[in-house]
$ cat entry05.txt   # compact mmCIF, C-alpha atoms
# COMPACT_ATOMS: atom_id res chain seq x y z
CA MET A 1 72.63 41.71 116.92
CA LYS A 2 71.04 44.47 114.85
CA ILE A 3 71.26 46.83 117.78
CA LYS A 4 74.96 46.12 118.23
CA THR A 5 75.62 46.60 114.53
CA LYS A 6 73.78 49.91 114.55
CA SER A 7 75.72 50.99 117.61
CA ARG A 8 79.01 50.12 115.92
CA LYS A 9 77.96 52.10 112.85
CA VAL A 10 77.06 55.12 115.00
CA ASN A 11 80.35 54.88 116.89
CA ARG A 12 82.28 54.56 113.63
CA ALA A 13 80.46 57.58 112.17
CA TRP A 14 81.16 59.63 115.30
CA LEU A 15 84.82 58.60 115.27
CA ASN A 16 85.12 59.51 111.60
CA ASP A 17 83.56 62.94 112.24
CA HIS A 18 85.80 63.44 115.26
CA VAL A 19 89.05 62.52 113.50
CA ASN A 20 88.23 64.79 110.55
CA ASP A 21 86.94 67.66 112.68
CA PRO A 22 89.03 70.79 111.95
CA TYR A 23 88.81 71.90 115.58
CA VAL A 24 90.08 68.53 116.82
CA LYS A 25 93.05 68.90 114.45
CA LEU A 26 93.60 72.51 115.53
CA ALA A 27 93.43 71.57 119.23
CA LYS A 28 96.10 68.92 118.67
CA LYS A 29 98.26 71.36 116.72
CA GLU A 30 97.99 74.12 119.34
CA GLY A 31 98.41 71.83 122.34
CA TYR A 32 94.89 72.00 123.74
CA ARG A 33 93.45 68.94 125.49
CA ALA A 34 90.07 69.32 123.79
CA ARG A 35 88.38 71.22 120.97
CA ALA A 36 86.25 72.92 123.67
CA ALA A 37 89.03 75.51 124.07
CA PHE A 38 87.89 77.14 120.82
CA LYS A 39 84.32 77.50 122.11
CA LEU A 40 85.47 79.64 125.04
CA LYS A 41 87.98 81.45 122.82
CA GLU A 42 85.24 82.57 120.41
CA ILE A 43 82.87 83.59 123.22
CA ASP A 44 85.64 85.57 124.94
CA GLU A 45 86.83 87.25 121.75
CA THR A 46 83.24 88.14 120.77
CA LEU A 47 82.37 89.75 124.11
CA GLY A 48 85.80 90.75 125.51
CA LEU A 49 85.24 89.08 128.87
CA VAL A 50 88.69 88.06 130.15
CA LYS A 51 91.19 90.86 130.75
CA PRO A 52 94.70 91.10 132.26
CA GLY A 53 94.69 90.92 136.05
CA HIS A 54 91.35 89.11 136.21
CA LEU A 55 90.45 86.37 138.67
CA VAL A 56 88.64 83.64 136.73
CA VAL A 57 86.93 80.55 138.17
CA ASP A 58 86.55 77.53 135.85
CA LEU A 59 83.75 75.20 137.00
CA GLY A 60 83.66 71.67 135.61
CA SER A 61 87.20 72.22 134.37
CA ALA A 62 88.35 68.67 133.45
CA PRO A 63 90.08 67.79 131.17
CA GLY A 64 91.42 71.35 131.30
CA ALA A 65 91.02 72.89 127.84
CA TRP A 66 89.21 75.96 129.15
CA SER A 67 91.85 76.45 131.86
CA GLN A 68 94.53 76.14 129.17
CA TYR A 69 92.84 78.86 127.11
CA LEU A 70 92.45 81.13 130.16
CA ARG A 71 96.09 80.56 131.09
CA ARG A 72 97.23 81.68 127.64
CA LYS A 73 94.81 84.63 127.62
CA LEU A 74 96.18 85.91 130.94
CA SER A 75 99.79 85.44 129.87
CA PRO A 76 101.39 88.71 128.62
CA GLN A 77 102.91 86.70 125.74
CA GLY A 78 99.91 84.37 125.25
CA ALA A 79 102.15 81.50 126.34
CA ALA A 80 101.26 78.15 127.87
CA ALA A 81 103.98 78.61 130.49
CA GLY A 82 105.78 81.40 132.32
CA GLU A 83 104.45 84.75 133.53
CA LEU A 84 100.75 85.07 134.34
CA ASP A 85 98.86 88.35 134.80
CA GLY A 86 95.83 87.14 136.71
CA THR A 87 94.49 84.22 138.74
CA ILE A 88 92.74 81.04 137.56
CA ILE A 89 91.00 78.66 139.96
CA ALA A 90 89.63 75.45 138.45
CA LEU A 91 87.22 72.99 140.08
CA ASP A 92 85.91 69.58 139.09
CA ILE A 93 84.70 66.42 140.77
CA LEU A 94 86.96 64.57 138.30
CA PRO A 95 90.77 64.65 138.40
CA MET A 96 92.53 67.07 136.04
CA GLU A 97 96.12 67.05 134.86
CA SER A 98 97.79 70.23 136.11
CA VAL A 99 97.93 73.38 133.98
CA GLU A 100 100.84 75.68 134.82
CA GLY A 101 99.70 78.63 136.93
CA VAL A 102 96.20 77.22 137.52
CA THR A 103 95.04 76.32 141.04
CA PHE A 104 93.02 73.11 140.73
CA ILE A 105 90.59 71.90 143.40
CA GLN A 106 89.14 68.42 143.00
CA GLY A 107 85.77 68.20 144.70
CA ASP A 108 82.15 69.31 144.67
CA PHE A 109 81.81 72.98 145.61
CA ARG A 110 78.51 72.16 147.37
CA GLU A 111 80.51 70.10 149.90
CA PRO A 112 82.14 71.84 152.92
CA ASP A 113 85.67 70.55 152.26
CA ALA A 114 85.81 71.69 148.61
CA LEU A 115 84.14 74.97 149.52
CA ALA A 116 86.72 75.63 152.26
CA ARG A 117 89.56 75.00 149.77
CA LEU A 118 87.90 77.31 147.27
CA GLU A 119 87.49 80.07 149.86
CA ALA A 120 91.17 79.69 150.76
CA ALA A 121 92.18 79.99 147.10
CA LEU A 122 89.97 83.06 146.61
CA GLY A 123 91.55 84.71 149.65
CA GLY A 124 88.61 87.04 150.22
CA ARG A 125 88.45 88.15 146.58
CA LYS A 126 85.54 87.77 144.17
CA ALA A 127 85.79 86.50 140.60
CA ASP A 128 85.76 88.81 137.59
CA VAL A 129 84.61 85.97 135.35
CA VAL A 130 83.08 82.55 136.09
CA VAL A 131 83.03 79.96 133.29
CA SER A 132 81.12 76.69 133.52
CA ASP A 133 81.40 73.78 131.10
CA MET A 134 79.64 71.53 133.61
CA ALA A 135 77.46 68.87 132.00
CA PRO A 136 75.78 65.79 133.50
CA ASN A 137 76.08 62.22 132.30
CA LEU A 138 73.11 62.06 129.94
CA SER A 139 70.67 59.15 130.23
CA GLY A 140 68.82 59.71 126.95
CA ILE A 141 65.57 60.33 128.87
CA GLU A 142 64.81 63.91 127.88
CA SER A 143 62.89 65.03 130.96
CA ALA A 144 65.49 63.60 133.35
CA ASP A 145 68.41 65.01 131.35
CA ALA A 146 66.77 68.45 131.11
CA ALA A 147 66.37 68.50 134.90
CA ARG A 148 70.03 67.52 135.43
CA ILE A 149 71.26 70.16 132.98
CA ALA A 150 69.06 72.86 134.53
CA HIS A 151 70.32 71.97 138.01
CA LEU A 152 73.97 72.47 137.00
CA VAL A 153 73.19 75.80 135.32
CA GLU A 154 71.29 76.93 138.42
CA LEU A 155 74.30 75.96 140.56
CA ALA A 156 76.60 78.04 138.32
CA VAL A 157 74.24 81.05 138.54
CA GLU A 158 74.05 80.69 142.33
CA PHE A 159 77.84 80.39 142.52
CA ALA A 160 78.27 83.57 140.44
CA GLY A 161 75.74 85.41 142.58
CA ASN A 162 77.74 84.60 145.72
CA ARG A 163 81.33 84.73 144.50
CA MET A 164 81.49 87.10 141.53
CA LYS A 165 81.92 90.87 141.36
CA PRO A 166 78.72 92.82 140.56
CA GLU A 167 80.10 93.78 137.13
CA GLY A 168 81.40 90.27 136.42
CA ALA A 169 80.39 87.78 133.73
CA LEU A 170 79.19 84.17 133.80
CA VAL A 171 79.56 81.81 130.84
CA THR A 172 77.65 78.55 131.12
CA LYS A 173 76.87 75.63 128.83
CA VAL A 174 73.20 74.86 128.19
CA PHE A 175 71.25 72.72 125.72
CA HIS A 176 68.33 73.72 123.52
CA GLY A 177 65.23 71.74 124.31
CA SER A 178 63.06 71.16 127.35
CA GLY A 179 63.85 73.67 130.09
CA TYR A 180 65.92 76.05 127.91
CA SER A 181 63.42 78.95 128.07
CA GLN A 182 63.33 78.71 131.88
CA LEU A 183 67.12 78.98 132.01
CA VAL A 184 67.04 82.08 129.77
CA LYS A 185 64.42 83.52 132.14
CA LEU A 186 66.69 82.78 135.13
CA PHE A 187 69.58 84.57 133.41
CA LYS A 188 67.41 87.59 132.58
CA GLU A 189 66.26 87.79 136.20
CA THR A 190 69.87 87.58 137.45
CA PHE A 191 71.95 89.58 134.95
CA ARG A 192 71.66 93.03 133.36
CA THR A 193 72.82 91.71 129.96
CA VAL A 194 72.17 88.20 128.60
CA LYS A 195 73.74 86.84 125.39
CA PRO A 196 73.01 83.40 123.91
CA LEU A 197 75.89 82.19 121.72
CA LYS A 198 76.62 79.04 119.71
CA PRO A 199 80.33 79.09 118.81
CA LYS A 200 81.49 77.70 115.48
CA ALA A 201 83.37 74.96 117.37
CA SER A 202 80.03 73.61 118.70
CA ARG A 203 78.97 70.87 116.32
CA ASP A 204 75.97 71.69 114.11
CA LYS A 205 74.23 68.46 115.13
CA SER A 206 74.61 69.27 118.84
CA SER A 207 71.90 71.11 120.80
CA GLU A 208 74.70 72.60 122.90
CA THR A 209 74.79 76.36 123.20
CA PHE A 210 76.05 78.88 125.75
CA LEU A 211 74.43 81.59 127.84
CA VAL A 212 76.50 84.57 128.97
CA GLY A 213 75.28 86.82 131.76
CA ILE A 214 77.06 90.14 132.33
CA GLY A 215 76.56 92.36 135.38
CA LEU A 216 74.58 91.07 138.35
CA LYS A 217 71.30 92.83 138.99
CA PRO A 218 71.05 94.52 142.42
CA GLY A 219 70.20 92.02 145.14
CA LYS A 220 71.50 89.05 143.13
$ encode --input "entry05.txt" --output "structure tokens"
Amino acid sequence: MKIKTKSRKVNRAWLNDHVNDPYVKLAKKEGYRARAAFKLKEIDETLGLVKPGHLVVDLGSAPGAWSQYLRRKLSPQGAAAGELDGTIIALDILPMESVEGVTFIQGDFREPDALARLEAALGGRKADVVVSDMAPNLSGIESADAARIAHLVELAVEFAGNRMKPEGALVTKVFHGSGYSQLVKLFKETFRTVKPLKPKASRDKSSETFLVGIGLKPGK
């Protein structure tokens, strides 16, 4: 019973923090599906990654907040609907409610069917920017979770190496802790410029941070 009570207290505390979170309120006000939109917004505005006419691939896109931000960024008027100056392709193994102007592919890009649909959507082009908010279901066992997280980051880096322009940029979610230094090393081996960023919208208590790699090194 004590365990259940503690769990209820933790859940209540999380819910209280969530309801009172200024980014949750702002997301609701601005029509974003999740507060995560403001993480990508700050990263993009800090580094100037997404520009008119760009082709952007959003990996692990559900529920769609990053795609919503990208859609507005590539709109000449910054609108959630209407004209779009660029291309956004979103992928996730989970379903995602449609975002106007965004091509969504449900599937695992390691599987032939999803990969074929992605190739069709790319139409022979390479991405200017790849963003990845992919995260595994965490078990609470640090070594196992670190391995799962690292695997998804490695997949995003491999994807960028194969389907991104040489001068392009990759944004990927990582977590401080076991395996973090190896992921930084991977980024430094792959990209000419590497920037670690923790946006203000990332909760202070969270070990979540983001790595940005800009410009693929020759041969990558």
$ residues_around --input "entry05.txt" --residues "A:Leu49" --least-positions-apart "5" --cutoff "12 Å" --atoms "only C-alpha atoms" --output "list of chain:residue names"
A:Leu40, A:Lys41, A:Glu42, A:Ile43, A:Asp44, A:His54, A:Leu55, A:Val56, A:Leu70, A:Lys73, A:Leu74, A:Asp128, A:Val129, A:Val130, A:Val131, A:Glu167, A:Gly168, A:Ala169, A:Leu170, A:Val171, A:Val212, A:Gly213, A:Ile214, A:Gly215
$ atom_distance --input "entry05.txt" --atom1 "atom CA of A:Ala65" --atom2 "atom CA of A:Lys205"
21.5 Å
$ residues_near_point --input "entry05.txt" --point "(86.8, 78.6, 140.1)" --cutoff "12 Å" --atoms "all atoms listed in the file" --output "number ranges by chain"
A: 55-61, 66-67, 70, 87-92, 102-109, 114-115, 117-122, 125-134, 156, 159-160, 163-164, 170
$ write_last_selection --input "entry05.txt" --atoms "C-alpha atoms" --output "mmCIF file, in the frame of the given file"
data_model
loop_
_atom_site.group_PDB
_atom_site.id
_atom_site.type_symbol
_atom_site.label_atom_id
_atom_site.label_comp_id
_atom_site.auth_asym_id
_atom_site.auth_seq_id
_atom_site.Cartn_x
_atom_site.Cartn_y
_atom_site.Cartn_z
ATOM 1 C CA LEU A 55 90.450 86.370 138.670
ATOM 2 C CA VAL A 56 88.640 83.640 136.730
ATOM 3 C CA VAL A 57 86.930 80.550 138.170
ATOM 4 C CA ASP A 58 86.550 77.530 135.850
ATOM 5 C CA LEU A 59 83.750 75.200 137.000
ATOM 6 C CA GLY A 60 83.660 71.670 135.610
ATOM 7 C CA SER A 61 87.200 72.220 134.370
ATOM 8 C CA TRP A 66 89.210 75.960 129.150
ATOM 9 C CA SER A 67 91.850 76.450 131.860
ATOM 10 C CA LEU A 70 92.450 81.130 130.160
ATOM 11 C CA THR A 87 94.490 84.220 138.740
ATOM 12 C CA ILE A 88 92.740 81.040 137.560
ATOM 13 C CA ILE A 89 91.000 78.660 139.960
ATOM 14 C CA ALA A 90 89.630 75.450 138.450
ATOM 15 C CA LEU A 91 87.220 72.990 140.080
ATOM 16 C CA ASP A 92 85.910 69.580 139.090
ATOM 17 C CA VAL A 102 96.200 77.220 137.520
ATOM 18 C CA THR A 103 95.040 76.320 141.040
ATOM 19 C CA PHE A 104 93.020 73.110 140.730
ATOM 20 C CA ILE A 105 90.590 71.900 143.400
ATOM 21 C CA GLN A 106 89.140 68.420 143.000
ATOM 22 C CA GLY A 107 85.770 68.200 144.700
ATOM 23 C CA ASP A 108 82.150 69.310 144.670
ATOM 24 C CA PHE A 109 81.810 72.980 145.610
ATOM 25 C CA ALA A 114 85.810 71.690 148.610
ATOM 26 C CA LEU A 115 84.140 74.970 149.520
ATOM 27 C CA ARG A 117 89.560 75.000 149.770
ATOM 28 C CA LEU A 118 87.900 77.310 147.270
ATOM 29 C CA GLU A 119 87.490 80.070 149.860
ATOM 30 C CA ALA A 120 91.170 79.690 150.760
ATOM 31 C CA ALA A 121 92.180 79.990 147.100
ATOM 32 C CA LEU A 122 89.970 83.060 146.610
ATOM 33 C CA ARG A 125 88.450 88.150 146.580
ATOM 34 C CA LYS A 126 85.540 87.770 144.170
ATOM 35 C CA ALA A 127 85.790 86.500 140.600
ATOM 36 C CA ASP A 128 85.760 88.810 137.590
ATOM 37 C CA VAL A 129 84.610 85.970 135.350
ATOM 38 C CA VAL A 130 83.080 82.550 136.090
ATOM 39 C CA VAL A 131 83.030 79.960 133.290
ATOM 40 C CA SER A 132 81.120 76.690 133.520
ATOM 41 C CA ASP A 133 81.400 73.780 131.100
ATOM 42 C CA MET A 134 79.640 71.530 133.610
ATOM 43 C CA ALA A 156 76.600 78.040 138.320
ATOM 44 C CA PHE A 159 77.840 80.390 142.520
ATOM 45 C CA ALA A 160 78.270 83.570 140.440
ATOM 46 C CA ARG A 163 81.330 84.730 144.500
ATOM 47 C CA MET A 164 81.490 87.100 141.530
ATOM 48 C CA LEU A 170 79.190 84.170 133.800
#
$ closest_residue --input "entry05.txt" --among "A:Gly86, A:Lys195, A:Ala135, A:Arg35" --to "A:Leu47" --atoms "all atoms listed in the file"
A:Lys195
$ atom_distance --input "entry05.txt" --atom1 "atom CA of A:Arg203" --atom2 "atom CA of A:Pro22"
11.0 Å
$ atom_distance --input "entry05.txt" --atom1 "atom CA of A:Lys39" --atom2 "atom CA of A:Ala80"
17.9 Å
